[in-house]
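To be precise, the following lines are work-v3.txt, and they hold compact mmCIF, C-alpha atoms and all ligand atoms.
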```txt
# COMPACT_ATOMS: atom_id res chain seq x y z
CA MET A 1 0.00 0.00 0.00
CA TYR A 2 2.80 2.38 0.86
CA ARG A 3 4.56 1.69 -2.43
CA ILE A 4 1.43 2.57 -4.42
CA ARG A 5 0.84 5.68 -2.29
CA ALA A 6 4.46 6.85 -2.59
CA VAL A 7 4.58 6.40 -6.37
CA GLU A 8 1.31 8.20 -6.91
CA GLU A 9 2.21 11.04 -4.54
CA ALA A 10 5.42 11.47 -6.56
CA ILE A 11 3.43 11.50 -9.80
CA ALA A 12 1.07 14.13 -8.32
CA HIS A 13 4.07 16.17 -7.17
CA HIS A 14 5.86 16.14 -10.53
CA TYR A 15 2.77 16.33 -12.78
CA PRO A 16 2.53 20.16 -12.78
CA GLU A 17 6.07 20.30 -14.28
CA GLY A 18 4.36 19.39 -17.57
CA LYS A 19 6.71 16.56 -18.48
CA MET A 20 4.09 13.83 -18.20
CA ARG A 21 2.01 14.71 -21.24
CA CYS A 22 -0.76 12.20 -20.61
CA PRO A 23 -3.85 12.33 -18.40
CA VAL A 24 -3.33 10.60 -15.04
CA HIS A 25 -6.01 8.95 -12.91
CA LEU A 26 -4.62 8.41 -9.43
CA SER A 27 -5.65 5.74 -6.91
CA ILE A 28 -4.55 7.58 -3.79
CA GLY A 29 -6.99 6.42 -1.09
CA GLN A 30 -7.78 3.22 -3.00
CA GLU A 31 -4.57 1.29 -2.21
CA SER A 32 -5.96 -1.52 -0.05
CA ILE A 33 -7.53 -3.77 -2.68
CA PRO A 34 -4.59 -3.73 -5.11
CA ALA A 35 -2.22 -4.47 -2.19
CA ILE A 36 -4.36 -7.36 -0.95
CA PHE A 37 -4.62 -8.62 -4.53
CA ALA A 38 -0.80 -8.58 -4.69
CA LEU A 39 -0.64 -10.92 -1.69
CA THR A 40 -3.01 -13.39 -3.29
CA VAL A 41 -2.37 -13.51 -7.05
CA ASN A 42 0.18 -15.80 -8.74
CA GLN A 43 2.73 -14.40 -11.16
CA LYS A 44 1.36 -16.57 -13.97
CA ASP A 45 -2.24 -15.38 -13.49
CA PHE A 46 -3.42 -12.71 -15.92
CA ALA A 47 -4.64 -9.24 -15.00
CA VAL A 48 -6.15 -6.36 -16.93
CA SER A 49 -7.26 -2.97 -15.71
CA THR A 50 -8.66 0.44 -16.50
CA HIS A 51 -7.73 4.10 -16.97
CA ARG A 52 -7.00 4.07 -13.19
CA GLY A 53 -4.50 1.25 -13.41
CA HIS A 54 -1.16 2.28 -11.83
CA ALA A 55 -1.92 0.45 -8.59
CA HIS A 56 -2.99 -2.73 -10.38
CA TYR A 57 0.08 -2.74 -12.61
CA LEU A 58 2.33 -2.42 -9.55
CA ALA A 59 0.33 -4.97 -7.56
CA LYS A 60 0.74 -7.53 -10.33
CA GLY A 61 4.51 -6.98 -10.14
CA GLY A 62 4.85 -4.59 -13.11
CA ASN A 63 8.20 -2.85 -13.48
CA LEU A 64 8.12 0.52 -11.69
CA ASN A 65 10.81 2.25 -13.76
CA ALA A 66 9.03 1.25 -16.99
CA MET A 67 5.70 2.55 -15.65
CA VAL A 68 7.03 5.96 -14.68
CA ALA A 69 8.98 6.21 -17.96
CA GLU A 70 5.72 5.45 -19.80
CA LEU A 71 4.06 8.41 -18.12
CA TYR A 72 6.97 10.57 -19.29
CA GLY A 73 6.50 9.25 -22.87
CA LYS A 74 9.96 7.72 -22.97
CA ALA A 75 11.23 4.83 -25.12
CA SER A 76 12.07 2.88 -21.94
CA GLY A 77 8.38 2.97 -20.95
CA CYS A 78 6.34 -0.22 -20.65
CA SER A 79 4.51 0.73 -23.89
CA LYS A 80 7.65 2.27 -25.41
CA GLY A 81 6.38 5.73 -24.53
CA LYS A 82 3.44 5.60 -26.90
CA GLY A 83 0.63 4.75 -24.50
CA GLY A 84 0.96 6.90 -21.41
CA SER A 85 -0.69 6.33 -18.06
CA MET A 86 -3.81 4.63 -19.45
CA HIS A 87 -1.96 2.01 -21.54
CA LEU A 88 0.21 0.02 -19.17
CA ILE A 89 1.37 -3.49 -19.89
CA ASP A 90 4.04 -5.81 -18.50
CA ARG A 91 3.94 -9.19 -20.16
CA ASN A 92 6.79 -10.49 -17.99
CA VAL A 93 4.29 -10.67 -15.13
CA ASN A 94 1.17 -11.30 -17.26
CA PHE A 95 -0.22 -7.83 -16.66
CA MET A 96 -1.93 -7.75 -20.04
CA GLY A 97 -2.99 -4.15 -20.39
CA THR A 98 -5.10 -1.20 -19.39
CA SER A 99 -7.46 0.84 -21.52
CA ALA A 100 -8.80 4.37 -21.68
CA ILE A 101 -12.18 3.12 -22.88
CA VAL A 102 -14.41 2.29 -19.93
CA GLY A 103 -15.29 -1.42 -19.99
CA ASN A 104 -12.86 -2.16 -22.81
CA SER A 105 -10.54 -4.45 -20.90
CA ILE A 106 -13.38 -6.61 -19.51
CA PRO A 107 -13.85 -8.80 -22.65
CA VAL A 108 -10.06 -8.93 -23.05
CA GLY A 109 -9.83 -10.40 -19.56
CA VAL A 110 -12.58 -12.93 -20.30
CA GLY A 111 -10.78 -13.87 -23.53
CA LEU A 112 -7.60 -14.47 -21.55
CA ALA A 113 -9.56 -16.77 -19.23
CA LEU A 114 -10.92 -18.65 -22.24
CA SER A 115 -7.37 -19.11 -23.55
CA ALA A 116 -6.24 -20.42 -20.13
CA GLU A 117 -9.20 -22.81 -20.06
CA LEU A 118 -8.54 -24.13 -23.56
CA LYS A 119 -4.85 -24.62 -22.82
CA GLY A 120 -5.49 -26.08 -19.36
CA THR A 121 -2.91 -23.82 -17.72
CA ASN A 122 -4.74 -23.30 -14.41
CA GLN A 123 -4.31 -19.54 -14.71
CA ILE A 124 -6.89 -17.12 -13.37
CA SER A 125 -7.73 -13.98 -15.30
CA CYS A 126 -8.30 -10.99 -13.01
CA ILE A 127 -10.30 -8.06 -14.27
CA PHE A 128 -10.21 -4.76 -12.40
CA LEU A 129 -13.15 -2.49 -13.09
CA GLY A 130 -14.78 0.58 -11.63
CA ASP A 131 -18.43 0.99 -10.68
CA GLY A 132 -18.91 3.03 -13.89
CA ALA A 133 -17.97 0.06 -16.07
CA ILE A 134 -21.04 -1.90 -15.03
CA GLU A 135 -23.04 0.64 -17.04
CA GLU A 136 -21.39 -0.57 -20.25
CA GLY A 137 -23.17 -3.26 -22.31
CA VAL A 138 -19.96 -5.20 -22.79
CA PHE A 139 -19.84 -5.90 -19.06
CA TYR A 140 -23.06 -7.95 -19.31
CA GLU A 141 -22.00 -9.81 -22.45
CA SER A 142 -18.65 -10.65 -20.87
CA ILE A 143 -19.97 -11.78 -17.52
CA ASN A 144 -22.67 -13.87 -19.21
CA PHE A 145 -20.08 -15.57 -21.42
CA ALA A 146 -17.80 -16.18 -18.42
CA ALA A 147 -20.72 -17.74 -16.51
CA VAL A 148 -21.95 -19.90 -19.40
CA ARG A 149 -18.44 -21.23 -20.09
CA ASN A 150 -17.54 -21.55 -16.39
CA LEU A 151 -14.35 -19.58 -17.05
CA PRO A 152 -11.61 -18.86 -14.47
CA VAL A 153 -12.28 -15.15 -14.15
CA LEU A 154 -12.10 -12.99 -11.07
CA PHE A 155 -13.88 -9.65 -11.47
CA ILE A 156 -12.68 -7.09 -8.93
CA CYS A 157 -14.93 -4.03 -8.85
CA GLU A 158 -13.57 -1.06 -6.92
CA ASN A 159 -16.70 0.91 -6.21
CA ASN A 160 -15.54 4.46 -5.42
CA LEU A 161 -19.13 5.79 -5.72
CA TYR A 162 -18.44 7.98 -8.76
CA SER A 163 -18.10 7.82 -12.50
CA VAL A 164 -16.22 11.09 -13.07
CA TYR A 165 -18.60 13.57 -11.36
CA SER A 166 -21.73 11.40 -11.36
CA PRO A 167 -22.59 9.62 -8.12
CA LEU A 168 -24.26 6.21 -8.19
CA SER A 169 -27.56 7.86 -7.20
CA VAL A 170 -27.97 9.39 -10.68
CA ARG A 171 -26.76 6.27 -12.52
CA GLN A 172 -28.35 3.28 -10.80
CA PRO A 173 -31.79 2.57 -9.33
CA LYS A 174 -32.07 3.39 -5.65
CA GLY A 175 -30.82 0.65 -3.35
CA ARG A 176 -29.26 -1.51 -6.05
CA SER A 177 -26.28 -3.53 -4.95
CA ILE A 178 -23.87 -4.25 -7.79
CA ALA A 179 -22.83 -7.57 -6.23
CA LYS A 180 -26.46 -8.68 -5.81
CA MET A 181 -27.25 -7.78 -9.41
CA VAL A 182 -24.29 -9.86 -10.60
CA GLU A 183 -25.35 -12.76 -8.36
CA ALA A 184 -28.69 -12.74 -10.20
CA MET A 185 -26.71 -13.39 -13.38
CA GLY A 186 -25.50 -16.71 -12.01
CA VAL A 187 -22.08 -15.68 -10.75
CA LYS A 188 -20.80 -16.11 -7.19
CA THR A 189 -20.13 -12.81 -5.48
CA GLY A 190 -18.68 -11.19 -2.40
CA ALA A 191 -18.83 -7.62 -1.17
CA GLY A 192 -16.90 -5.74 1.46
CA GLN A 193 -15.37 -2.48 2.56
CA GLY A 194 -11.90 -1.82 1.19
CA SER A 195 -10.96 -0.17 4.49
CA ASP A 196 -11.57 -3.44 6.34
CA LEU A 197 -8.22 -4.99 5.49
CA ILE A 198 -8.66 -8.33 7.23
CA ASN A 199 -12.11 -9.04 5.82
CA SER A 200 -11.08 -7.87 2.33
CA LYS A 201 -8.15 -10.27 2.43
CA LYS A 202 -10.47 -13.11 3.43
CA LEU A 203 -12.85 -12.27 0.58
CA MET A 204 -9.99 -12.07 -1.91
CA GLU A 205 -8.47 -15.41 -0.81
CA GLY A 206 -11.86 -17.12 -0.82
CA ALA A 207 -12.60 -15.91 -4.35
CA PHE A 208 -9.18 -16.98 -5.66
CA ASN A 209 -9.63 -20.43 -4.12
CA GLU A 210 -13.06 -20.87 -5.71
CA VAL A 211 -11.90 -19.84 -9.17
CA ARG A 212 -8.67 -21.84 -8.89
CA ALA A 213 -10.72 -24.93 -7.97
CA GLY A 214 -12.52 -24.67 -11.31
CA HIS A 215 -15.85 -23.42 -9.94
CA GLY A 216 -16.16 -20.69 -12.57
CA PRO A 217 -16.15 -16.90 -12.39
CA TYR A 218 -16.35 -14.86 -9.20
CA PHE A 219 -17.24 -11.21 -8.70
CA LEU A 220 -15.95 -9.10 -5.83
CA GLU A 221 -17.14 -5.60 -5.03
CA PHE A 222 -15.24 -3.39 -2.61
CA SER A 223 -16.19 0.08 -1.46
CA THR A 224 -13.39 2.62 -1.68
CA TYR A 225 -12.83 6.33 -2.39
CA ARG A 226 -10.46 8.33 -4.54
CA TRP A 227 -9.03 11.33 -2.78
CA ARG A 228 -7.87 13.41 -5.72
CA GLU A 229 -9.75 14.71 -8.75
CA HIS A 230 -11.08 12.18 -11.27
CA CYS A 231 -8.27 12.97 -13.69
CA GLY A 232 -5.18 14.89 -12.67
CA HIS A 233 -2.99 15.63 -9.68
CA ALA A 234 -5.15 18.11 -7.75
CA PHE A 235 -8.06 17.97 -5.32
CA ASP A 236 -11.50 18.97 -6.62
CA ASN A 237 -13.85 18.97 -3.64
CA ASP A 238 -14.54 22.65 -4.31
CA ILE A 239 -16.37 22.07 -7.61
CA GLY A 240 -19.49 20.77 -5.92
CA TYR A 241 -20.11 17.20 -7.05
CA ARG A 242 -19.17 15.80 -3.65
CA THR A 243 -19.07 17.31 -0.20
CA GLN A 244 -16.03 18.04 1.93
CA GLU A 245 -17.82 16.18 4.71
CA GLU A 246 -18.03 12.99 2.63
CA PHE A 247 -14.38 13.36 1.62
CA LEU A 248 -13.23 13.71 5.24
CA GLU A 249 -15.34 10.73 6.30
CA TRP A 250 -13.54 8.56 3.75
CA GLN A 251 -10.14 10.05 4.50
CA ALA A 252 -10.60 8.92 8.09
CA LYS A 253 -10.85 5.37 6.69
CA ASP A 254 -7.42 5.70 5.04
CA PRO A 255 -6.20 2.10 4.60
CA LEU A 256 -2.61 3.08 5.39
CA LEU A 257 -3.62 4.84 8.57
CA THR A 258 -5.76 1.84 9.53
CA LEU A 259 -2.78 -0.43 9.11
CA GLU A 260 -0.43 1.82 11.07
CA LYS A 261 -2.98 2.16 13.87
CA SER A 262 -3.29 -1.62 14.11
CA LEU A 263 0.48 -1.77 14.46
CA SER A 264 0.55 0.76 17.26
CA GLN A 265 0.34 -2.11 19.75
CA ALA A 266 3.14 -3.97 18.04
CA ASP A 267 6.70 -4.13 19.25
CA SER A 268 9.24 -1.51 18.28
CA ASP A 269 11.01 -3.92 15.92
CA SER A 270 7.95 -3.98 13.65
CA HIS A 271 7.88 -0.18 13.60
CA LYS A 272 11.57 -0.08 12.77
CA GLN A 273 10.95 -2.54 9.98
CA ILE A 274 8.11 -0.40 8.58
CA ASP A 275 10.33 2.71 8.64
CA GLU A 276 13.03 0.81 6.78
CA ILE A 277 10.53 -0.36 4.15
CA LYS A 278 9.34 3.23 3.69
CA LEU A 279 12.91 4.49 3.22
CA LEU A 280 13.57 1.79 0.65
CA ILE A 281 10.37 2.56 -1.24
CA ASN A 282 11.06 6.31 -1.23
CA SER A 283 14.46 5.73 -2.79
CA GLU A 284 12.98 3.29 -5.31
CA VAL A 285 10.46 5.97 -6.36
CA LYS A 286 13.19 8.62 -6.70
CA THR A 287 15.21 6.23 -8.85
CA ALA A 288 12.17 5.64 -11.09
CA ILE A 289 11.59 9.39 -11.61
CA ASN A 290 15.31 9.85 -12.45
CA PHE A 291 15.22 6.88 -14.79
CA ALA A 292 12.21 8.37 -16.60
CA GLU A 293 13.73 11.86 -16.78
CA LYS A 294 17.02 10.56 -18.20
CA SER A 295 15.55 8.10 -20.71
CA PRO A 296 15.34 9.15 -24.39
CA PHE A 297 12.09 9.76 -26.27
CA PRO A 298 11.08 7.18 -28.90
CA LEU A 299 12.41 7.77 -32.41
CA GLN A 300 10.03 9.13 -35.03
CA HIS A 301 10.35 6.09 -37.31
CA GLU A 302 9.19 3.84 -34.44
CA ALA A 303 5.81 5.58 -34.30
CA TYR A 304 3.86 2.86 -36.12
CA GLU A 305 5.82 -0.16 -34.95
CA ASN A 306 3.81 -2.83 -33.17
CA ILE A 307 4.75 -2.61 -29.53
CA TYR A 308 2.80 -5.43 -27.91
CA ALA A 309 3.02 -8.48 -30.19
CA THR A 310 6.01 -10.71 -29.59
C1 LIG B 401 -16.82 4.12 -23.23
C2 LIG B 401 -16.41 5.32 -22.44
N1 LIG B 401 -17.35 6.17 -21.99
C3 LIG B 401 -17.00 7.26 -21.26
C4 LIG B 401 -15.68 7.52 -21.01
C5 LIG B 401 -15.29 8.73 -20.17
N2 LIG B 401 -14.85 8.27 -18.85
C6 LIG B 401 -13.56 8.13 -18.54
S1 LIG B 401 -13.33 7.54 -17.00
C7 LIG B 401 -14.97 7.48 -16.71
C8 LIG B 401 -15.49 7.07 -15.35
C9 LIG B 401 -15.46 5.65 -15.11
O1 LIG B 401 -15.89 5.42 -13.81
P1 LIG B 401 -15.47 4.12 -13.05
O2 LIG B 401 -15.58 2.96 -13.98
O3 LIG B 401 -16.28 4.07 -11.81
O4 LIG B 401 -13.93 4.33 -12.72
P2 LIG B 401 -13.24 5.40 -11.75
O5 LIG B 401 -12.83 6.55 -12.63
O6 LIG B 401 -14.20 5.80 -10.73
O7 LIG B 401 -12.06 4.69 -11.20
C10 LIG B 401 -15.70 7.90 -17.82
C11 LIG B 401 -17.17 7.97 -17.89
C12 LIG B 401 -14.71 6.63 -21.53
N3 LIG B 401 -13.41 6.81 -21.32
N4 LIG B 401 -15.11 5.53 -22.22
MG MG B 402 -15.92 4.82 -9.97
```
Would you mind writing the structure in this file as structure tokens?
Amino acid sequence: MYRIRAVEEAIAHHYPEGKMRCPVHLSIGQESIPAIFALTVNQKDFAVSTHRGHAHYLAKGGNLNAMVAELYGKASGCSKGKGGSMHLIDRNVNFMGTSAIVGNSIPVGVGLALSAELKGTNQISCIFLGDGAIEEGVFYESINFAAVRNLPVLFICENNLYSVYSPLSVRQPKGRSIAKMVEAMGVKTGAGQGSDLINSKKLMEGAFNEVRAGHGPYFLEFSTYRWREHCGHAFDNDIGYRTQEEFLEWQAKDPLLTLEKSLSQADSDSHKQIDEIKLLINSEVKTAINFAEKSPFPLQHEAYENIYAT
């Protein structure tokens, strides 16, 4: 969680310099589910994600230097500097891509599960999606196909209550639970609060076990909250689509703070260890920013070269 937070805080800090020429969607405040996912997923499992995908890329083991370089548009970036923040991929760890089009990576993830099923590789395909993506038709087609074919897919929906500036109340019928709706489509589901670290870990492990055992797709929904503006480095509570009160309520549920509080009883060795980890991560993040700054831009003649196929 701290690694994700530190990287994204650094991105927010450097973004106004104007060197990252792509939109950025930060997950600050939403670190718990990616971190818990990281503890549970296997390297050979697949994962795909969305426009807000930095945390998922890192959680799957994606290369940090290559991610930051991608944001800077450099040739050393994970998409050779041509994709930016919303097009992250690291095939070394089977992180198979993110997309700027809401819902777009969902059928890709189901297709990856179909390939795993046909090849009998025992891989799970993990699909990160936001609450907004369940308003895309392709979500229903994909989940139906996954259910009919009993595919090894784990859908992980991070419900942060908003699609850009629209709250769920103007997008979904009153009282609808996303998880319950999905359950009605014949898929096993679980729902929890992202700030409840222990329970979220249990839900994540349970879902992985079910899918790994060949029992078909599973859908998890976790509540969470993004702290910064929908797109960009700043805060936007002043523009009126959400209240400062709501923001502060969620900030009090900061997953990092929750973790540190739970450690307050622990012995001083654990605290020392945490401080050491933080120092290490801070230096890793500095190295990644330097690496990105110093890397060259892609050459003009490379503009139309295929970057993903191997
Ligand atoms: C098909 C499509 N429609 C609309 C958009 C504009 N758009 C970009 S992000 C976004 C919000 C998506 O909300 P959600 O899935 O909840 O993800 P979050 O940003 O909250 O993480 C929208 C509507 C888009 N990129 N693609
Ligand atoms: Mg959302």
### Message
Can you tell me which residues surround Tyr72 in chain A at a distance of at most 7 Å, considering all atoms listed in the file, apart from same-chain residues fewer than 3 positions away, and format the answer as a PyMOL selection string?
### Response
chain A and resi 19-21+68-69+292
### Query
Please, which residues have at least one atom within 10 Å of an atom of ligand LIG 401 (chain B), using only C-alpha atoms and all ligand atoms, listed as a PyMOL selection string?
chain A and resi 25-27+30+50-53+99-104+128-138+157-168+224-226+229-231
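Considering all atoms listed in the file, the residue among A:Pro217, A:Cys78, A:Arg171, A:Val41 positioned nearest to ligand MG 402 (chain B) is A:Arg171.
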### Message
Excluding Arg91 in chain A and its own-chain neighbours fewer than 5 positions away, which residues fall within 12 Å of it when counting only C-alpha atoms? Please give them as an MDAnalysis selection string.
### Response
chainID A and resid 43:48 57 60:63 78:79 96:97 307:310
### Message
So that I can see what lies close to range 293-300 of chain A, please list as a ChimeraX atom specification the residues with an atom at most 8 Å from it, counting only C-alpha atoms and leaving out residues fewer than 6 positions away in the same chain.
### Response
/A:69,72-76,80-81
### Task
For CA of Ser125 in chain A and CA of Arg3 in chain A, quote the distance in Å rounded to one decimal.
23.7 Å
Can you tell me, as lines of an AutoDock Vina configuration file, the centre and edge lengths (Å, one decimal) of the axis-aligned box enclosing all of range 126-131 of chain A's listed atoms after padding each side by 5 Å?
```
center_x = -13.4
center_y = -5.0
center_z = -12.5
size_x = 20.1
size_y = 22.0
size_z = 13.6
```
